[in-house]
Amino acid sequence: MASFVWDYLLWLGPSLLLLLLYLALRRPRIRGWTRLAVRAASWRLWVIICVILELPLDRNIRAWTREPKSPGEDILSGSGQASDGHRLICKPTALARYLLHHCGSLARPRLASWPEGDPHLQTLSSLLCGQQGHTLQFTRDNLFLRDGGIVALDWAVGTRLDEVVGRRRWEGRKEHQSGGKSLGCFTATPPVLLLIPESWGGMTPHLKLLCHQAMRLGFYVVVFHARGTAGCPLTTAQLTEFGDPADLEQAVAYVHNRHPSSVMVAVSEGSGSGVLLSYLGECGSSSYLTAAAAISPVLQGQLWFETAMPSIYRWGVLFHRKLQLSRYASSFRGVLDVDRALSCSSLRDLEETLSCSSAQLQPSTPSPPISSRKSRPSTGSHSSRGLAPSVAWSLGERAYPAKDWDNYWERNEPLRDADEVAVPVLCIRSRDDPLLPPASTLPIPLFLSNPYFLLVLTDRGGHCGFTLEGREEMEGGRDGNEVEEKGNWSHIAVLEYFRVVADFLKREERDGVSSDGPRGEYSQAGLRSRTSDVAPPRRRRANMIRKQRLETPEECSADAEEEEENFTWTRSYTR
């Protein structure tokens, strides 16, 4: 009998324990203690994993606790000093005030806390295994360039059901938000969104999710792929330099010719900001873009290549780039040391080997002096990379490899022509980004002195992560309209930023016409007059770093009101 009782208790024991645990967890206090214990144990386990993988830890306690922010936080920064929380750092202009007043997603984001908000988990999720639009498909255009190279333009298309459902949702949202107005368009045609992936190429889940969301809002979405990346054939023995906008400039002109009546905006992902910012600087007011945004941008290219990256990310980027190089190894062996490039263990060594003549194979005949390269390009020699004389003349110094590492960045630094940028540029960056240099190295004086640059600096978000805390409800605009969104905050903020900027520019155009004639910076009339005449290919000028004097925060705040009175958003379309 005793053995039967013991067997019966052992058989019912697990069920009784589960029942007692269920009853205990129904009590709010015990459930709260259990949740905190599990989170604390998970955090310690994650710390051990990060130490093993040599990943930097975010030791801010708010990174893994749900500590709310004060609702009355002022995000317009008038100083360059770093502080915790979410901040919009820019020059106090009419556009900045309009964004603060009408762009609710920029004002009050509630980003996910740990574990969803861990910078490494967000980074890996956005680059490798995040959510993807399963119904999203692309059709490719291969664009033949002046120097014989090829870049790929992938146009995003969806199933018919997705298009119908997405457009109906967008039409309903349009009527609710703006009384039936179109999505910040100057014309009745949908706007074109140009997406620029990371410099090593390929479509990440983060970018695919942005494509899917933009298509739902009625955008024509096209993805730019540099030569030799994402399956694009490489027909020249050279890769795109980090800040060379020549290929992007021709791609933008092609997209504009296909949709001449559509407004064009652009978004770069991570290191793809190198070519985007260089394009905006070199083209100036002649750019076909109305506005631009950069998510987790590389603003200082040389510093990014020279800053040590965590090993797991560094080896991942190196593996991706070496895989591309090994595919065309036989074609490159005549112009560079492929074996040395494949054995590089840092991004700087690899970039220097691929792009600088000091690290490449020496030609059999000496290269012409720098002073005579433009007037007397070599025909078929290594110095001109085998280009035709007319093509080498049009490319200028880009037809020749850079002499050394410093000379390479004189012509490839993304912000070398920042004073020529003539369209609003929104940069979204988090302090815990594991792929970028520390936030203390950001060029804050540029954002405080240049009216076209705006920086949103968050305390967490990882690299192209910015996951929202569950289902986020954002309130925006003077009318008090609320939009419920879920997913990636940077996508919501960028797309809403484009709408608000377009509304602001339309208002500027309307005010200019009513006062003293059309003077809007990106007015519809100005866009049409500029796009009606197709300018001939422009000869590449010798790029030099513009050593402009950046004002200190004190000078910016002292001169803000005076410069605001003198500054006009009129766009002259001249360089």
# chains A, B, ... in the order shown; residues from 1 in each chain; ligands from 1

$ residues_around --residues "Arg333 of chain A" --least-positions-apart "2" --cutoff "12 Å" --atoms "only C-alpha atoms" --output "list in words"
Ala237, Gln238, Leu325, Ser326, Arg327, Tyr328, Ala329, Ser330, Ser331, Val335, Leu336, Asp337, Val338, Asp339, Arg340, Ala341, Leu342, Leu354, Gln360, Leu361, Gln362 and His382 of chain A

$ residues_around --residues "Trp155 of chain A" --least-positions-apart "4" --cutoff "12 Å" --atoms "only C-alpha atoms" --output "MDAnalysis selection string"
chainID A and resid 136:142 192:195 208 211:212 215 219:225 255 258

$ residues_around --residues "Ile196 of chain A" --least-positions-apart "6" --cutoff "10 Å" --atoms "only C-alpha atoms" --output "list in words"
Gly202, Met203, Leu207, Val222, Val223, Phe224, His225, Ala226, Leu248, Ala266, Val267, Ser268, Glu269, Gly270, Ser271, Gly272, Ser273, Gly274, Val275, Leu276 and Ala294 of chain A

$ closest_residue --among "A:Ala94, A:Gly461, A:Leu436, A:Ala493" --to "Glu508 of chain A" --atoms "only C-alpha atoms"
A:Ala94

$ select_by_dssp --residues "segment 195-412 of chain A" --states "alpha helix (DSSP H)" --output "PDB file with C-alpha atoms, in the first residue's frame"
ATOM      1  CA  PRO A 205      16.230  42.658 -44.560  1.00  0.00           C
ATOM      2  CA  HIS A 206      16.251  46.239 -43.261  1.00  0.00           C
ATOM      3  CA  LEU A 207      16.240  47.607 -46.798  1.00  0.00           C
ATOM      4  CA  LYS A 208      13.610  45.159 -48.020  1.00  0.00           C
ATOM      5  CA  LEU A 209      11.320  46.160 -45.187  1.00  0.00           C
ATOM      6  CA  LEU A 210      11.744  49.817 -46.151  1.00  0.00           C
ATOM      7  CA  CYS A 211      10.943  48.931 -49.775  1.00  0.00           C
ATOM      8  CA  HIS A 212       7.773  47.151 -48.739  1.00  0.00           C
ATOM      9  CA  GLN A 213       6.614  49.984 -46.506  1.00  0.00           C
ATOM     10  CA  ALA A 214       7.368  52.643 -49.129  1.00  0.00           C
ATOM     11  CA  MET A 215       5.443  50.717 -51.776  1.00  0.00           C
ATOM     12  CA  ARG A 216       2.434  50.578 -49.478  1.00  0.00           C
ATOM     13  CA  ALA A 246      29.917  59.275 -60.850  1.00  0.00           C
ATOM     14  CA  ASP A 247      27.900  56.058 -61.188  1.00  0.00           C
ATOM     15  CA  LEU A 248      25.128  57.302 -58.915  1.00  0.00           C
ATOM     16  CA  GLU A 249      24.917  60.573 -60.847  1.00  0.00           C
ATOM     17  CA  GLN A 250      24.267  58.727 -64.106  1.00  0.00           C
ATOM     18  CA  ALA A 251      21.777  56.407 -62.401  1.00  0.00           C
ATOM     19  CA  VAL A 252      19.832  59.342 -60.949  1.00  0.00           C
ATOM     20  CA  ALA A 253      19.715  60.995 -64.378  1.00  0.00           C
ATOM     21  CA  TYR A 254      18.394  57.762 -65.891  1.00  0.00           C
ATOM     22  CA  VAL A 255      15.679  57.388 -63.241  1.00  0.00           C
ATOM     23  CA  HIS A 256      14.686  61.017 -63.736  1.00  0.00           C
ATOM     24  CA  ASN A 257      14.371  60.504 -67.489  1.00  0.00           C
ATOM     25  CA  ARG A 258      12.071  57.553 -66.867  1.00  0.00           C
ATOM     26  CA  SER A 273      25.904  57.348 -47.387  1.00  0.00           C
ATOM     27  CA  GLY A 274      29.401  57.777 -48.852  1.00  0.00           C
ATOM     28  CA  VAL A 275      28.176  58.024 -52.445  1.00  0.00           C
ATOM     29  CA  LEU A 276      24.908  59.771 -51.542  1.00  0.00           C
ATOM     30  CA  LEU A 277      26.519  62.641 -49.630  1.00  0.00           C
ATOM     31  CA  SER A 278      29.254  62.923 -52.249  1.00  0.00           C
ATOM     32  CA  TYR A 279      26.624  63.143 -54.988  1.00  0.00           C
ATOM     33  CA  LEU A 280      24.706  65.867 -53.154  1.00  0.00           C
ATOM     34  CA  GLY A 281      27.898  67.832 -52.597  1.00  0.00           C
ATOM     35  CA  GLU A 282      29.273  67.567 -56.123  1.00  0.00           C
ATOM     36  CA  CYS A 283      25.961  68.231 -57.876  1.00  0.00           C
ATOM     37  CA  GLY A 301      34.915  57.889 -44.185  1.00  0.00           C
ATOM     38  CA  GLN A 302      38.579  57.904 -43.231  1.00  0.00           C
ATOM     39  CA  LEU A 303      37.748  57.786 -39.520  1.00  0.00           C
ATOM     40  CA  TRP A 304      35.364  54.870 -40.115  1.00  0.00           C
ATOM     41  CA  PHE A 305      37.982  52.823 -41.938  1.00  0.00           C
ATOM     42  CA  GLU A 306      40.639  53.580 -39.327  1.00  0.00           C
ATOM     43  CA  SER A 311      35.739  41.333 -34.764  1.00  0.00           C
ATOM     44  CA  ILE A 312      32.482  39.610 -35.641  1.00  0.00           C
ATOM     45  CA  TYR A 313      31.353  42.546 -37.797  1.00  0.00           C
ATOM     46  CA  ARG A 314      34.786  43.224 -39.273  1.00  0.00           C
ATOM     47  CA  TRP A 315      35.230  39.651 -40.449  1.00  0.00           C
ATOM     48  CA  GLY A 316      31.696  39.618 -41.826  1.00  0.00           C
ATOM     49  CA  VAL A 317      32.300  42.726 -43.949  1.00  0.00           C
ATOM     50  CA  LEU A 318      35.709  41.464 -45.059  1.00  0.00           C
ATOM     51  CA  PHE A 319      34.251  38.091 -46.045  1.00  0.00           C
ATOM     52  CA  HIS A 320      31.561  39.780 -48.137  1.00  0.00           C
ATOM     53  CA  ARG A 321      34.020  42.042 -49.958  1.00  0.00           C
ATOM     54  CA  LYS A 322      36.603  39.305 -50.508  1.00  0.00           C
ATOM     55  CA  LEU A 323      33.888  37.069 -51.909  1.00  0.00           C
ATOM     56  CA  GLN A 324      33.129  39.718 -54.517  1.00  0.00           C
ATOM     57  CA  LEU A 325      36.819  40.188 -55.284  1.00  0.00           C
ATOM     58  CA  SER A 326      37.521  36.471 -55.656  1.00  0.00           C
ATOM     59  CA  ARG A 327      34.779  36.204 -58.250  1.00  0.00           C
ATOM     60  CA  ALA A 329      40.246  37.611 -59.317  1.00  0.00           C
ATOM     61  CA  SER A 330      41.584  36.718 -62.781  1.00  0.00           C
ATOM     62  CA  SER A 331      40.482  40.087 -64.200  1.00  0.00           C
ATOM     63  CA  PHE A 332      42.126  42.057 -61.390  1.00  0.00           C
ATOM     64  CA  VAL A 338      44.853  40.116 -55.554  1.00  0.00           C
ATOM     65  CA  ASP A 339      46.636  37.752 -53.156  1.00  0.00           C
ATOM     66  CA  ARG A 340      47.530  40.650 -50.883  1.00  0.00           C
ATOM     67  CA  ALA A 341      43.969  41.967 -50.988  1.00  0.00           C
ATOM     68  CA  LEU A 342      42.518  38.554 -50.119  1.00  0.00           C
ATOM     69  CA  LEU A 347      39.012  47.268 -43.837  1.00  0.00           C
ATOM     70  CA  ARG A 348      41.647  49.945 -44.245  1.00  0.00           C
ATOM     71  CA  ASP A 349      44.250  47.554 -45.678  1.00  0.00           C
ATOM     72  CA  LEU A 350      41.717  46.110 -48.107  1.00  0.00           C
ATOM     73  CA  GLU A 351      40.481  49.511 -49.299  1.00  0.00           C
ATOM     74  CA  GLU A 352      44.021  50.812 -49.666  1.00  0.00           C
ATOM     75  CA  THR A 353      45.078  47.757 -51.654  1.00  0.00           C
ATOM     76  CA  LEU A 354      42.113  48.069 -54.012  1.00  0.00           C
ATOM     77  CA  SER A 355      42.205  51.832 -54.599  1.00  0.00           C
ATOM     78  CA  PRO A 389      41.330  58.959 -73.865  1.00  0.00           C
ATOM     79  CA  SER A 390      37.979  60.763 -74.116  1.00  0.00           C
ATOM     80  CA  VAL A 391      36.567  58.823 -71.157  1.00  0.00           C
ATOM     81  CA  ALA A 392      39.729  59.400 -69.084  1.00  0.00           C
ATOM     82  CA  TRP A 393      39.528  63.106 -69.862  1.00  0.00           C
ATOM     83  CA  SER A 394      35.866  63.307 -68.760  1.00  0.00           C
ATOM     84  CA  LEU A 395      36.580  61.418 -65.527  1.00  0.00           C
ATOM     85  CA  TRP A 405      45.768  56.807 -48.404  1.00  0.00           C
ATOM     86  CA  ASP A 406      45.538  60.543 -47.700  1.00  0.00           C
ATOM     87  CA  ASN A 407      45.083  61.406 -51.361  1.00  0.00           C
ATOM     88  CA  TYR A 408      42.324  58.786 -51.594  1.00  0.00           C
ATOM     89  CA  TRP A 409      40.281  60.575 -48.919  1.00  0.00           C
ATOM     90  CA  GLU A 410      40.884  63.990 -50.392  1.00  0.00           C
TER      91      GLU A 410
END

$ closest_residue --among "A:Pro14, A:Pro56, A:Gly158, A:Pro28" --to "Pro438 of chain A" --atoms "only C-alpha atoms"
A:Pro56

$ select_by_dssp --residues "segment 209-437 of chain A" --states "strand (DSSP E or B)" --output "list in words"
Tyr220, Val221, Val222, Val223, Phe224, His225, Met264, Val265, Ala266, Val267, Ser268, Glu269, Leu289, Thr290, Ala291, Ala292, Ala293, Ala294, Ile295, Cys356, Ala402, Val425, Leu426, Cys427, Ile428, Arg429 and Ser430 of chain A

$ closest_residue --among "A:Ser449, A:Pro233, A:Pro92, A:Ile295" --to "Gly148 of chain A" --atoms "only C-alpha atoms"
A:Pro233

$ residues_around --residues "His120 of chain A" --least-positions-apart "2" --cutoff "12 Å" --atoms "only C-alpha atoms" --output "PyMOL selection string"
chain A and resi 46-47+49-50+53-58+63+114-118+122-128+310+312-313+432-435+460-466
